[in-house]
>>> print(open('final-v8.cif').read())   # mmCIF, N, CA and C atoms
data_target
loop_
_atom_site.label_atom_id
_atom_site.label_comp_id
_atom_site.auth_asym_id
_atom_site.auth_seq_id
_atom_site.Cartn_x
_atom_site.Cartn_y
_atom_site.Cartn_z
N MET A 1 24.07 -68.86 23.82
CA MET A 1 24.91 -68.34 24.88
C MET A 1 24.19 -67.22 25.66
N TYR A 2 23.60 -66.26 24.94
CA TYR A 2 22.87 -65.17 25.60
C TYR A 2 21.38 -65.34 25.34
N SER A 3 20.57 -64.98 26.34
CA SER A 3 19.12 -65.06 26.20
C SER A 3 18.63 -63.98 25.22
N GLU A 4 17.40 -64.15 24.75
CA GLU A 4 16.81 -63.14 23.86
C GLU A 4 16.73 -61.79 24.55
N LYS A 5 16.41 -61.79 25.85
CA LYS A 5 16.30 -60.53 26.59
C LYS A 5 17.66 -59.82 26.68
N VAL A 6 18.72 -60.57 26.92
CA VAL A 6 20.06 -59.97 26.97
C VAL A 6 20.36 -59.34 25.61
N MET A 7 20.11 -60.07 24.55
CA MET A 7 20.39 -59.56 23.20
C MET A 7 19.55 -58.31 22.91
N ASP A 8 18.28 -58.32 23.34
CA ASP A 8 17.40 -57.18 23.11
C ASP A 8 17.91 -55.94 23.85
N HIS A 9 18.29 -56.10 25.12
CA HIS A 9 18.78 -54.96 25.90
C HIS A 9 20.16 -54.51 25.43
N PHE A 10 20.92 -55.39 24.80
CA PHE A 10 22.21 -55.00 24.22
C PHE A 10 21.98 -54.22 22.91
N GLN A 11 21.13 -54.77 22.05
CA GLN A 11 20.92 -54.15 20.74
C GLN A 11 20.01 -52.93 20.80
N ASN A 12 19.11 -52.89 21.78
CA ASN A 12 18.17 -51.78 21.95
C ASN A 12 18.17 -51.33 23.40
N PRO A 13 19.29 -50.82 23.89
CA PRO A 13 19.36 -50.47 25.32
C PRO A 13 18.39 -49.36 25.67
N ARG A 14 17.79 -49.49 26.85
CA ARG A 14 16.86 -48.49 27.36
C ARG A 14 17.63 -47.51 28.25
N ASN A 15 17.18 -46.26 28.23
CA ASN A 15 17.67 -45.26 29.18
C ASN A 15 19.16 -44.93 29.06
N VAL A 16 19.68 -44.92 27.85
CA VAL A 16 21.07 -44.55 27.64
C VAL A 16 21.20 -43.03 27.71
N GLY A 17 22.24 -42.56 28.35
CA GLY A 17 22.50 -41.13 28.38
C GLY A 17 22.79 -40.64 29.78
N GLU A 18 22.71 -39.32 29.92
CA GLU A 18 22.99 -38.68 31.19
C GLU A 18 21.75 -37.90 31.63
N ILE A 19 21.66 -37.67 32.93
CA ILE A 19 20.63 -36.79 33.47
C ILE A 19 21.38 -35.55 33.97
N GLU A 20 21.05 -34.41 33.38
CA GLU A 20 21.67 -33.17 33.83
C GLU A 20 21.18 -32.87 35.24
N ASP A 21 22.08 -32.44 36.10
CA ASP A 21 21.74 -32.15 37.50
C ASP A 21 21.08 -33.34 38.17
N ALA A 22 21.65 -34.52 37.95
CA ALA A 22 21.10 -35.75 38.54
C ALA A 22 21.14 -35.68 40.07
N SER A 23 20.17 -36.32 40.69
CA SER A 23 20.13 -36.40 42.15
C SER A 23 21.29 -37.20 42.68
N GLY A 24 21.66 -38.24 41.93
CA GLY A 24 22.78 -39.09 42.31
C GLY A 24 23.43 -39.69 41.08
N VAL A 25 24.77 -39.74 41.10
CA VAL A 25 25.54 -40.33 40.00
C VAL A 25 26.54 -41.30 40.62
N GLY A 26 26.57 -42.50 40.09
CA GLY A 26 27.51 -43.50 40.59
C GLY A 26 28.32 -44.09 39.45
N THR A 27 29.62 -44.18 39.65
CA THR A 27 30.49 -44.78 38.65
C THR A 27 31.25 -45.94 39.29
N VAL A 28 31.16 -47.09 38.67
CA VAL A 28 31.87 -48.27 39.14
C VAL A 28 32.52 -48.96 37.96
N GLY A 29 33.50 -49.79 38.26
CA GLY A 29 34.18 -50.51 37.19
C GLY A 29 34.73 -51.82 37.69
N ASN A 30 35.27 -52.56 36.76
CA ASN A 30 35.95 -53.81 37.09
C ASN A 30 37.28 -53.76 36.36
N ALA A 31 38.36 -53.56 37.11
CA ALA A 31 39.68 -53.42 36.52
C ALA A 31 40.11 -54.66 35.75
N LYS A 32 39.62 -55.82 36.15
CA LYS A 32 40.02 -57.07 35.48
C LYS A 32 39.48 -57.16 34.07
N CYS A 33 38.22 -56.73 33.86
CA CYS A 33 37.63 -56.88 32.52
C CYS A 33 37.56 -55.56 31.77
N GLY A 34 37.74 -54.45 32.48
CA GLY A 34 37.73 -53.14 31.82
C GLY A 34 36.37 -52.49 31.68
N ASP A 35 35.30 -53.12 32.19
CA ASP A 35 33.97 -52.53 32.10
C ASP A 35 33.85 -51.35 33.07
N ILE A 36 33.21 -50.28 32.61
CA ILE A 36 32.94 -49.12 33.45
C ILE A 36 31.47 -48.75 33.27
N MET A 37 30.77 -48.55 34.38
CA MET A 37 29.35 -48.26 34.34
C MET A 37 29.08 -46.99 35.15
N ARG A 38 28.34 -46.06 34.55
CA ARG A 38 27.94 -44.85 35.27
C ARG A 38 26.42 -44.77 35.24
N MET A 39 25.83 -44.64 36.43
CA MET A 39 24.38 -44.58 36.56
C MET A 39 23.97 -43.21 37.09
N PHE A 40 22.92 -42.65 36.49
CA PHE A 40 22.36 -41.35 36.86
C PHE A 40 20.94 -41.57 37.37
N LEU A 41 20.62 -41.00 38.52
CA LEU A 41 19.28 -41.12 39.08
C LEU A 41 18.69 -39.74 39.33
N ASP A 42 17.40 -39.59 39.00
CA ASP A 42 16.65 -38.38 39.33
C ASP A 42 15.61 -38.82 40.36
N ILE A 43 15.77 -38.33 41.59
CA ILE A 43 14.94 -38.76 42.71
C ILE A 43 14.11 -37.57 43.19
N ASP A 44 12.80 -37.77 43.31
CA ASP A 44 11.93 -36.66 43.71
C ASP A 44 11.93 -36.47 45.23
N GLU A 45 11.19 -35.47 45.69
CA GLU A 45 11.17 -35.11 47.11
C GLU A 45 10.56 -36.20 47.99
N ASN A 46 9.85 -37.15 47.39
CA ASN A 46 9.26 -38.26 48.14
C ASN A 46 10.15 -39.51 48.12
N GLY A 47 11.34 -39.39 47.54
CA GLY A 47 12.26 -40.53 47.49
C GLY A 47 11.91 -41.54 46.41
N ILE A 48 11.20 -41.08 45.37
CA ILE A 48 10.85 -41.95 44.24
C ILE A 48 11.81 -41.65 43.09
N ILE A 49 12.33 -42.70 42.47
CA ILE A 49 13.23 -42.53 41.33
C ILE A 49 12.39 -42.25 40.09
N ARG A 50 12.42 -40.99 39.65
CA ARG A 50 11.64 -40.56 38.49
C ARG A 50 12.28 -41.02 37.19
N GLU A 51 13.61 -40.96 37.17
CA GLU A 51 14.33 -41.26 35.93
C GLU A 51 15.65 -41.94 36.29
N ALA A 52 16.07 -42.85 35.43
CA ALA A 52 17.36 -43.52 35.58
C ALA A 52 17.98 -43.64 34.19
N LYS A 53 19.24 -43.27 34.09
CA LYS A 53 19.95 -43.39 32.81
C LYS A 53 21.34 -43.95 33.09
N PHE A 54 21.98 -44.42 32.04
CA PHE A 54 23.31 -44.99 32.22
C PHE A 54 24.20 -44.71 31.02
N LYS A 55 25.48 -44.77 31.28
CA LYS A 55 26.51 -44.80 30.25
C LYS A 55 27.45 -45.92 30.64
N THR A 56 27.68 -46.84 29.73
CA THR A 56 28.52 -47.99 30.02
C THR A 56 29.55 -48.18 28.93
N PHE A 57 30.78 -48.42 29.37
CA PHE A 57 31.86 -48.81 28.47
C PHE A 57 32.14 -50.27 28.79
N GLY A 58 31.85 -51.15 27.86
CA GLY A 58 32.08 -52.56 28.15
C GLY A 58 31.45 -53.47 27.13
N CYS A 59 31.36 -54.71 27.51
CA CYS A 59 30.85 -55.75 26.62
C CYS A 59 29.32 -55.67 26.53
N GLY A 60 28.77 -56.51 25.68
CA GLY A 60 27.32 -56.54 25.49
C GLY A 60 26.56 -56.86 26.76
N ALA A 61 27.10 -57.75 27.59
CA ALA A 61 26.43 -58.09 28.84
C ALA A 61 26.43 -56.91 29.80
N ALA A 62 27.49 -56.10 29.78
CA ALA A 62 27.54 -54.91 30.64
C ALA A 62 26.48 -53.90 30.21
N VAL A 63 26.32 -53.72 28.90
CA VAL A 63 25.29 -52.81 28.38
C VAL A 63 23.90 -53.34 28.75
N ALA A 64 23.68 -54.63 28.56
CA ALA A 64 22.37 -55.23 28.84
C ALA A 64 22.02 -55.14 30.32
N THR A 65 22.98 -55.40 31.20
CA THR A 65 22.68 -55.34 32.64
C THR A 65 22.44 -53.90 33.08
N SER A 66 23.16 -52.95 32.49
CA SER A 66 22.93 -51.53 32.80
C SER A 66 21.52 -51.13 32.40
N SER A 67 21.14 -51.51 31.19
CA SER A 67 19.83 -51.19 30.65
C SER A 67 18.73 -51.77 31.55
N MET A 68 18.87 -53.04 31.90
CA MET A 68 17.85 -53.69 32.74
C MET A 68 17.81 -53.08 34.13
N ALA A 69 18.97 -52.75 34.69
CA ALA A 69 19.01 -52.16 36.03
C ALA A 69 18.24 -50.84 36.07
N THR A 70 18.39 -50.02 35.03
CA THR A 70 17.66 -48.74 35.01
C THR A 70 16.16 -49.00 34.92
N GLU A 71 15.77 -50.01 34.15
CA GLU A 71 14.35 -50.34 34.04
C GLU A 71 13.79 -50.80 35.39
N LEU A 72 14.60 -51.55 36.14
CA LEU A 72 14.14 -52.11 37.41
C LEU A 72 14.00 -51.07 38.52
N VAL A 73 14.76 -49.96 38.45
CA VAL A 73 14.69 -48.97 39.53
C VAL A 73 13.73 -47.81 39.24
N LYS A 74 13.41 -47.58 37.97
CA LYS A 74 12.52 -46.46 37.63
C LYS A 74 11.16 -46.64 38.29
N GLY A 75 10.70 -45.56 38.95
CA GLY A 75 9.41 -45.59 39.61
C GLY A 75 9.42 -46.19 41.00
N LYS A 76 10.59 -46.68 41.42
CA LYS A 76 10.71 -47.32 42.73
C LYS A 76 11.13 -46.31 43.79
N THR A 77 10.87 -46.66 45.04
CA THR A 77 11.39 -45.87 46.15
C THR A 77 12.88 -46.17 46.29
N ILE A 78 13.58 -45.33 47.04
CA ILE A 78 15.00 -45.56 47.30
C ILE A 78 15.19 -46.93 47.94
N GLN A 79 14.36 -47.26 48.94
CA GLN A 79 14.50 -48.54 49.62
C GLN A 79 14.25 -49.72 48.67
N ASP A 80 13.26 -49.59 47.79
CA ASP A 80 13.01 -50.66 46.81
C ASP A 80 14.17 -50.80 45.84
N ALA A 81 14.74 -49.67 45.42
CA ALA A 81 15.88 -49.70 44.50
C ALA A 81 17.09 -50.36 45.15
N LEU A 82 17.22 -50.15 46.44
CA LEU A 82 18.33 -50.75 47.18
C LEU A 82 18.22 -52.28 47.19
N GLN A 83 17.02 -52.79 47.01
CA GLN A 83 16.79 -54.24 47.02
C GLN A 83 17.03 -54.88 45.64
N VAL A 84 17.32 -54.07 44.62
CA VAL A 84 17.59 -54.63 43.29
C VAL A 84 19.01 -55.21 43.31
N THR A 85 19.07 -56.52 43.33
CA THR A 85 20.35 -57.22 43.43
C THR A 85 20.83 -57.66 42.05
N ASN A 86 22.08 -58.10 42.01
CA ASN A 86 22.59 -58.63 40.75
C ASN A 86 21.77 -59.85 40.32
N LYS A 87 21.29 -60.62 41.28
CA LYS A 87 20.47 -61.80 40.96
C LYS A 87 19.17 -61.37 40.29
N ALA A 88 18.56 -60.29 40.81
CA ALA A 88 17.32 -59.77 40.23
C ALA A 88 17.55 -59.31 38.79
N VAL A 89 18.68 -58.64 38.56
CA VAL A 89 19.03 -58.18 37.21
C VAL A 89 19.20 -59.38 36.28
N MET A 90 19.92 -60.40 36.75
CA MET A 90 20.13 -61.60 35.93
C MET A 90 18.81 -62.31 35.63
N GLU A 91 17.96 -62.43 36.65
CA GLU A 91 16.66 -63.10 36.45
C GLU A 91 15.81 -62.33 35.45
N ALA A 92 15.82 -61.01 35.53
CA ALA A 92 15.04 -60.19 34.61
C ALA A 92 15.52 -60.34 33.17
N LEU A 93 16.80 -60.69 33.02
CA LEU A 93 17.38 -60.91 31.68
C LEU A 93 17.35 -62.38 31.26
N ASP A 94 16.67 -63.21 32.04
CA ASP A 94 16.63 -64.66 31.78
C ASP A 94 18.02 -65.30 31.83
N GLY A 95 18.87 -64.77 32.71
CA GLY A 95 20.17 -65.39 32.96
C GLY A 95 21.32 -64.80 32.17
N LEU A 96 22.51 -65.06 32.68
CA LEU A 96 23.77 -64.66 32.04
C LEU A 96 24.73 -65.85 32.09
N PRO A 97 25.63 -65.95 31.12
CA PRO A 97 26.66 -66.99 31.21
C PRO A 97 27.51 -66.74 32.46
N PRO A 98 28.02 -67.80 33.09
CA PRO A 98 28.81 -67.64 34.32
C PRO A 98 29.95 -66.62 34.21
N VAL A 99 30.60 -66.54 33.06
CA VAL A 99 31.71 -65.59 32.91
C VAL A 99 31.25 -64.15 32.82
N LYS A 100 29.93 -63.92 32.75
CA LYS A 100 29.40 -62.55 32.65
C LYS A 100 28.62 -62.12 33.89
N VAL A 101 28.60 -62.95 34.93
CA VAL A 101 27.88 -62.61 36.16
C VAL A 101 28.42 -61.31 36.76
N HIS A 102 29.72 -61.05 36.60
CA HIS A 102 30.30 -59.82 37.16
C HIS A 102 29.63 -58.57 36.59
N CYS A 103 29.07 -58.66 35.40
CA CYS A 103 28.37 -57.50 34.81
C CYS A 103 27.13 -57.15 35.63
N SER A 104 26.43 -58.16 36.12
CA SER A 104 25.25 -57.89 36.95
C SER A 104 25.67 -57.32 38.30
N LEU A 105 26.84 -57.72 38.80
CA LEU A 105 27.36 -57.13 40.03
C LEU A 105 27.68 -55.66 39.82
N LEU A 106 28.21 -55.33 38.65
CA LEU A 106 28.48 -53.92 38.33
C LEU A 106 27.19 -53.11 38.35
N ALA A 107 26.13 -53.66 37.78
CA ALA A 107 24.85 -52.95 37.73
C ALA A 107 24.34 -52.69 39.15
N GLU A 108 24.40 -53.70 40.01
CA GLU A 108 23.96 -53.53 41.40
C GLU A 108 24.81 -52.46 42.10
N GLU A 109 26.12 -52.52 41.92
CA GLU A 109 27.01 -51.55 42.56
C GLU A 109 26.80 -50.14 42.01
N ALA A 110 26.47 -50.03 40.72
CA ALA A 110 26.23 -48.71 40.13
C ALA A 110 24.99 -48.06 40.75
N ILE A 111 23.95 -48.85 40.98
CA ILE A 111 22.75 -48.35 41.66
C ILE A 111 23.14 -47.85 43.05
N HIS A 112 23.88 -48.68 43.79
CA HIS A 112 24.28 -48.33 45.14
C HIS A 112 25.17 -47.08 45.15
N ALA A 113 26.07 -46.98 44.18
CA ALA A 113 26.96 -45.81 44.11
C ALA A 113 26.17 -44.53 43.84
N ALA A 114 25.16 -44.61 42.97
CA ALA A 114 24.33 -43.44 42.68
C ALA A 114 23.49 -43.06 43.90
N LEU A 115 22.98 -44.06 44.61
CA LEU A 115 22.22 -43.79 45.84
C LEU A 115 23.13 -43.19 46.92
N TRP A 116 24.37 -43.69 47.00
CA TRP A 116 25.34 -43.16 47.96
C TRP A 116 25.63 -41.68 47.66
N ASP A 117 25.80 -41.37 46.38
CA ASP A 117 26.03 -39.99 45.97
C ASP A 117 24.84 -39.11 46.36
N TYR A 118 23.64 -39.59 46.11
CA TYR A 118 22.41 -38.87 46.47
C TYR A 118 22.38 -38.61 47.98
N ALA A 119 22.68 -39.64 48.78
CA ALA A 119 22.65 -39.51 50.23
C ALA A 119 23.68 -38.47 50.70
N GLU A 120 24.88 -38.51 50.12
CA GLU A 120 25.91 -37.55 50.50
C GLU A 120 25.52 -36.12 50.13
N LYS A 121 24.97 -35.94 48.94
CA LYS A 121 24.54 -34.60 48.50
C LYS A 121 23.46 -34.02 49.40
N ASN A 122 22.61 -34.91 49.93
CA ASN A 122 21.47 -34.47 50.73
C ASN A 122 21.70 -34.64 52.23
N HIS A 123 22.92 -35.05 52.61
CA HIS A 123 23.29 -35.21 54.02
C HIS A 123 22.31 -36.11 54.76
N ILE A 124 22.00 -37.25 54.13
CA ILE A 124 21.09 -38.22 54.74
C ILE A 124 21.77 -39.59 54.78
N THR A 125 21.21 -40.46 55.59
CA THR A 125 21.67 -41.84 55.64
C THR A 125 20.55 -42.70 55.08
N ILE A 126 20.91 -43.59 54.19
CA ILE A 126 19.93 -44.53 53.63
C ILE A 126 20.17 -45.86 54.33
N GLU A 127 19.16 -46.27 55.10
CA GLU A 127 19.30 -47.49 55.88
C GLU A 127 19.62 -48.68 54.98
N GLY A 128 20.67 -49.42 55.36
CA GLY A 128 21.06 -50.61 54.61
C GLY A 128 22.05 -50.36 53.49
N LEU A 129 22.34 -49.08 53.21
CA LEU A 129 23.27 -48.75 52.12
C LEU A 129 24.68 -48.62 52.68
N GLN A 130 25.59 -49.41 52.10
CA GLN A 130 27.00 -49.33 52.47
C GLN A 130 27.77 -48.65 51.37
N LYS A 131 28.88 -48.01 51.75
CA LYS A 131 29.69 -47.33 50.75
C LYS A 131 30.11 -48.33 49.68
N PRO A 132 29.79 -48.03 48.42
CA PRO A 132 30.10 -48.98 47.35
C PRO A 132 31.59 -48.99 47.01
N LYS A 133 32.01 -50.08 46.41
CA LYS A 133 33.38 -50.18 45.91
C LYS A 133 33.43 -49.52 44.54
N ASN A 134 34.51 -48.83 44.26
CA ASN A 134 34.68 -48.26 42.92
C ASN A 134 35.06 -49.33 41.92
N ASP A 135 35.74 -50.36 42.41
CA ASP A 135 36.19 -51.45 41.55
C ASP A 135 35.63 -52.74 42.12
N ILE A 136 34.73 -53.39 41.39
CA ILE A 136 34.10 -54.59 41.94
C ILE A 136 35.05 -55.78 41.99
N SER A 137 36.24 -55.66 41.41
CA SER A 137 37.19 -56.76 41.53
C SER A 137 37.94 -56.68 42.86
N GLU A 138 37.73 -55.59 43.63
CA GLU A 138 38.35 -55.48 44.96
C GLU A 138 37.88 -56.64 45.81
N GLY A 139 38.80 -57.26 46.49
CA GLY A 139 38.43 -58.35 47.39
C GLY A 139 38.33 -59.70 46.70
N GLU A 140 38.39 -59.72 45.38
CA GLU A 140 38.38 -61.00 44.68
C GLU A 140 39.78 -61.58 44.71
N GLU A 141 39.86 -62.90 44.70
CA GLU A 141 41.16 -63.54 44.65
C GLU A 141 41.80 -63.29 43.30
N GLU A 142 43.07 -63.09 43.29
CA GLU A 142 43.77 -62.92 42.01
C GLU A 142 43.73 -64.25 41.25
N GLU A 143 43.43 -64.17 39.98
CA GLU A 143 43.37 -65.38 39.16
C GLU A 143 44.68 -65.52 38.39
N ASP A 144 45.09 -66.74 38.23
CA ASP A 144 46.30 -67.00 37.44
C ASP A 144 45.89 -67.24 36.00
N TYR A 145 46.57 -66.58 35.08
CA TYR A 145 46.26 -66.75 33.65
C TYR A 145 47.40 -67.46 32.97
#
>>> encode(input="final-v8.cif", output="C-alpha cells")
Amino acid sequence: MYSEKVMDHFQNPRNVGEIEDASGVGTVGNAKCGDIMRMFLDIDENGIIREAKFKTFGCGAAVATSSMATELVKGKTIQDALQVTNKAVMEALDGLPPVKVHCSLLAEEAIHAALWDYAEKNHITIEGLQKPKNDISEGEEEEDY
C-alpha cells in the first residue's frame, strides 16, 4: 500500500520540530480528515531557505509528506520552493495511495502558508504566491457518507 520511502519518512521523519524566531510559519489543515500541518522556515537575507522544520498531527502519510516537503525546500530559493508541488512531493515518495493524495496537498499548502507569512512579515510580494487556504478541503465538493 505504501512505498518504502513513505514508510521511511513516516518511521524516521526528517526535520521534526520548531524553528525559534522562524522567518515564516504556516499552518494548514483538512477539516475532513483532521490532519494539521505546521511548517517553519528559516530564510536568509538572500532568499535561501536555510532550515525547514515541521510539526504534523495526522496519519502516517501526513507525517511522510511533511518530512519530504521540508527536505525538498531546504537549500532552495523562495522561488524554487514555490515550485514544490504536491505532485513533486508524491513523486519524491514514490507515490501515495489515491485516498492519501490530500496529504501531499497539505504539504504544498504548508510551504505556501509559511512563505506567505514570511512575505507579510517582511512587507514583500512573492511573485506567483497566492494567499493559501487554511483548510484544504475548502472548495471541495461535499462527499456523501
>>> select_by_dssp(input="final-v8.cif", residues="segment 6-140 of chain A", states="strand (DSSP E)", output="list in words")
Gly24, Val25, Gly26, Thr27, Val28, Gly29, Asn30, Asp35, Ile36, Met37, Arg38, Met39, Phe40, Leu41, Asp42, Ile43, Ile49, Arg50, Glu51, Ala52, Lys53, Phe54, Lys55, Thr56 and Phe57 of chain A
>>> closest_residue(input="final-v8.cif", among="A:Leu41, A:Met1, A:Ile48, A:Ala113", to="Gly75 of chain A", atoms="all atoms listed in the file")
A:Ile48
>>> closest_residue(input="final-v8.cif", among="A:Ser66, A:Asn30, A:Gln79, A:Thr56", to="Ile126 of chain A", atoms="only N, CA and C atoms")
A:Gln79
>>> atom_distance(input="final-v8.cif", atom1="atom N of Asp117 of chain A", atom2="atom CA of Gln130 of chain A")
10.1 Å
>>> closest_residue(input="final-v8.cif", among="A:Lys100, A:Arg14, A:Lys32, A:His123", to="Thr70 of chain A", atoms="all atoms listed in the file")
A:Arg14
>>> select_by_dssp(input="final-v8.cif", residues="segment 47-114 of chain A", states="helix (DSSP H, G or I)", output="count of residues only")
43
>>> atom_distance(input="final-v8.cif", atom1="atom N of Glu20 of chain A", atom2="atom C of Ile136 of chain A")
27.0 Å
>>> residues_around(input="final-v8.cif", residues="Gly24 of chain A", least_positions_apart="5", cutoff="7 Å", atoms="all atoms listed in the file", output="list of chain:residue names")
A:Met39, A:Phe40, A:Leu41, A:Asp42, A:Ile43, A:Ala113, A:Ala114, A:Leu115, A:Trp116, A:Asp117, A:Tyr118, A:Ala119
>>> atom_distance(input="final-v8.cif", atom1="atom CA of Glu18 of chain A", atom2="atom CA of Lys74 of chain A")
14.5 Å
>>> resolve_selection(input="final-v8.cif", expression="the PyMOL selection byres (((chain A and resi 109 and name CA) around 12) and name CA)", output="short mmCIF file (atom, residue, chain, number, x, y, z; two decimals) with N, CA and C atoms, in the frame of the given file")
data_model
loop_
_atom_site.label_atom_id
_atom_site.label_comp_id
_atom_site.auth_asym_id
_atom_site.auth_seq_id
_atom_site.Cartn_x
_atom_site.Cartn_y
_atom_site.Cartn_z
N VAL A 25 24.77 -39.74 41.10
CA VAL A 25 25.54 -40.33 40.00
C VAL A 25 26.54 -41.30 40.62
N GLY A 26 26.57 -42.50 40.09
CA GLY A 26 27.51 -43.50 40.59
C GLY A 26 28.32 -44.09 39.45
N THR A 27 29.62 -44.18 39.65
CA THR A 27 30.49 -44.78 38.65
C THR A 27 31.25 -45.94 39.29
N VAL A 28 31.16 -47.09 38.67
CA VAL A 28 31.87 -48.27 39.14
C VAL A 28 32.52 -48.96 37.96
N GLY A 29 33.50 -49.79 38.26
CA GLY A 29 34.18 -50.51 37.19
C GLY A 29 34.73 -51.82 37.69
N ASN A 30 35.27 -52.56 36.76
CA ASN A 30 35.95 -53.81 37.09
C ASN A 30 37.28 -53.76 36.36
N ILE A 36 33.21 -50.28 32.61
CA ILE A 36 32.94 -49.12 33.45
C ILE A 36 31.47 -48.75 33.27
N MET A 37 30.77 -48.55 34.38
CA MET A 37 29.35 -48.26 34.34
C MET A 37 29.08 -46.99 35.15
N ARG A 38 28.34 -46.06 34.55
CA ARG A 38 27.94 -44.85 35.27
C ARG A 38 26.42 -44.77 35.24
N MET A 39 25.83 -44.64 36.43
CA MET A 39 24.38 -44.58 36.56
C MET A 39 23.97 -43.21 37.09
N THR A 65 22.98 -55.40 31.20
CA THR A 65 22.68 -55.34 32.64
C THR A 65 22.44 -53.90 33.08
N SER A 66 23.16 -52.95 32.49
CA SER A 66 22.93 -51.53 32.80
C SER A 66 21.52 -51.13 32.40
N ALA A 69 18.97 -52.75 34.69
CA ALA A 69 19.01 -52.16 36.03
C ALA A 69 18.24 -50.84 36.07
N ALA A 81 14.74 -49.67 45.42
CA ALA A 81 15.88 -49.70 44.50
C ALA A 81 17.09 -50.36 45.15
N LEU A 82 17.22 -50.15 46.44
CA LEU A 82 18.33 -50.75 47.18
C LEU A 82 18.22 -52.28 47.19
N GLN A 83 17.02 -52.79 47.01
CA GLN A 83 16.79 -54.24 47.02
C GLN A 83 17.03 -54.88 45.64
N VAL A 84 17.32 -54.07 44.62
CA VAL A 84 17.59 -54.63 43.29
C VAL A 84 19.01 -55.21 43.31
N THR A 85 19.07 -56.52 43.33
CA THR A 85 20.35 -57.22 43.43
C THR A 85 20.83 -57.66 42.05
N ASN A 86 22.08 -58.10 42.01
CA ASN A 86 22.59 -58.63 40.75
C ASN A 86 21.77 -59.85 40.32
N VAL A 89 18.68 -58.64 38.56
CA VAL A 89 19.03 -58.18 37.21
C VAL A 89 19.20 -59.38 36.28
N HIS A 102 29.72 -61.05 36.60
CA HIS A 102 30.30 -59.82 37.16
C HIS A 102 29.63 -58.57 36.59
N CYS A 103 29.07 -58.66 35.40
CA CYS A 103 28.37 -57.50 34.81
C CYS A 103 27.13 -57.15 35.63
N SER A 104 26.43 -58.16 36.12
CA SER A 104 25.25 -57.89 36.95
C SER A 104 25.67 -57.32 38.30
N LEU A 105 26.84 -57.72 38.80
CA LEU A 105 27.36 -57.13 40.03
C LEU A 105 27.68 -55.66 39.82
N LEU A 106 28.21 -55.33 38.65
CA LEU A 106 28.48 -53.92 38.33
C LEU A 106 27.19 -53.11 38.35
N ALA A 107 26.13 -53.66 37.78
CA ALA A 107 24.85 -52.95 37.73
C ALA A 107 24.34 -52.69 39.15
N GLU A 108 24.40 -53.70 40.01
CA GLU A 108 23.96 -53.53 41.40
C GLU A 108 24.81 -52.46 42.10
N ALA A 110 26.47 -50.03 40.72
CA ALA A 110 26.23 -48.71 40.13
C ALA A 110 24.99 -48.06 40.75
N ILE A 111 23.95 -48.85 40.98
CA ILE A 111 22.75 -48.35 41.66
C ILE A 111 23.14 -47.85 43.05
N HIS A 112 23.88 -48.68 43.79
CA HIS A 112 24.28 -48.33 45.14
C HIS A 112 25.17 -47.08 45.15
N ALA A 113 26.07 -46.98 44.18
CA ALA A 113 26.96 -45.81 44.11
C ALA A 113 26.17 -44.53 43.84
N ALA A 114 25.16 -44.61 42.97
CA ALA A 114 24.33 -43.44 42.68
C ALA A 114 23.49 -43.06 43.90
N LEU A 115 22.98 -44.06 44.61
CA LEU A 115 22.22 -43.79 45.84
C LEU A 115 23.13 -43.19 46.92
N TRP A 116 24.37 -43.69 47.00
CA TRP A 116 25.34 -43.16 47.96
C TRP A 116 25.63 -41.68 47.66
N LEU A 129 22.34 -49.08 53.21
CA LEU A 129 23.27 -48.75 52.12
C LEU A 129 24.68 -48.62 52.68
N GLN A 130 25.59 -49.41 52.10
CA GLN A 130 27.00 -49.33 52.47
C GLN A 130 27.77 -48.65 51.37
N LYS A 131 28.88 -48.01 51.75
CA LYS A 131 29.69 -47.33 50.75
C LYS A 131 30.11 -48.33 49.68
N PRO A 132 29.79 -48.03 48.42
CA PRO A 132 30.10 -48.98 47.35
C PRO A 132 31.59 -48.99 47.01
N LYS A 133 32.01 -50.08 46.41
CA LYS A 133 33.38 -50.18 45.91
C LYS A 133 33.43 -49.52 44.54
N ASN A 134 34.51 -48.83 44.26
CA ASN A 134 34.68 -48.26 42.92
C ASN A 134 35.06 -49.33 41.92
N ASP A 135 35.74 -50.36 42.41
CA ASP A 135 36.19 -51.45 41.55
C ASP A 135 35.63 -52.74 42.12
N ILE A 136 34.73 -53.39 41.39
CA ILE A 136 34.10 -54.59 41.94
C ILE A 136 35.05 -55.78 41.99
N SER A 137 36.24 -55.66 41.41
CA SER A 137 37.19 -56.76 41.53
C SER A 137 37.94 -56.68 42.86
#
>>> closest_residue(input="final-v8.cif", among="A:Lys87, A:Lys53, A:Lys5, A:Lys121", to="Ile19 of chain A", atoms="all atoms listed in the file")
A:Lys53
>>> closest_residue(input="final-v8.cif", among="A:Pro98, A:Gly128, A:Gly17, A:Gly34", to="Ala52 of chain A", atoms="only N, CA and C atoms")
A:Gly17
>>> decode(input="final-v8.cif", residues="segment 3-18 of chain A", atoms="C-alpha atoms", output="short mmCIF file (atom, residue, chain, number, x, y, z; two decimals), in the first residue's frame")
data_model
loop_
_atom_site.label_atom_id
_atom_site.label_comp_id
_atom_site.auth_asym_id
_atom_site.auth_seq_id
_atom_site.Cartn_x
_atom_site.Cartn_y
_atom_site.Cartn_z
CA SER A 3 6.15 2.76 -0.76
CA GLU A 4 9.37 2.11 1.16
CA LYS A 5 10.13 5.86 1.04
CA VAL A 6 6.76 6.75 2.58
CA MET A 7 7.34 4.22 5.36
CA ASP A 8 10.89 5.51 5.92
CA HIS A 9 9.76 9.16 6.19
CA PHE A 10 6.92 8.10 8.50
CA GLN A 11 9.08 5.96 10.79
CA ASN A 12 12.15 8.24 10.62
CA PRO A 13 10.79 11.71 9.83
CA ARG A 14 13.33 14.39 8.96
CA ASN A 15 13.25 17.93 10.32
CA VAL A 16 10.64 17.46 13.05
CA GLY A 17 10.27 20.35 15.44
CA GLU A 18 10.04 24.11 15.52
#
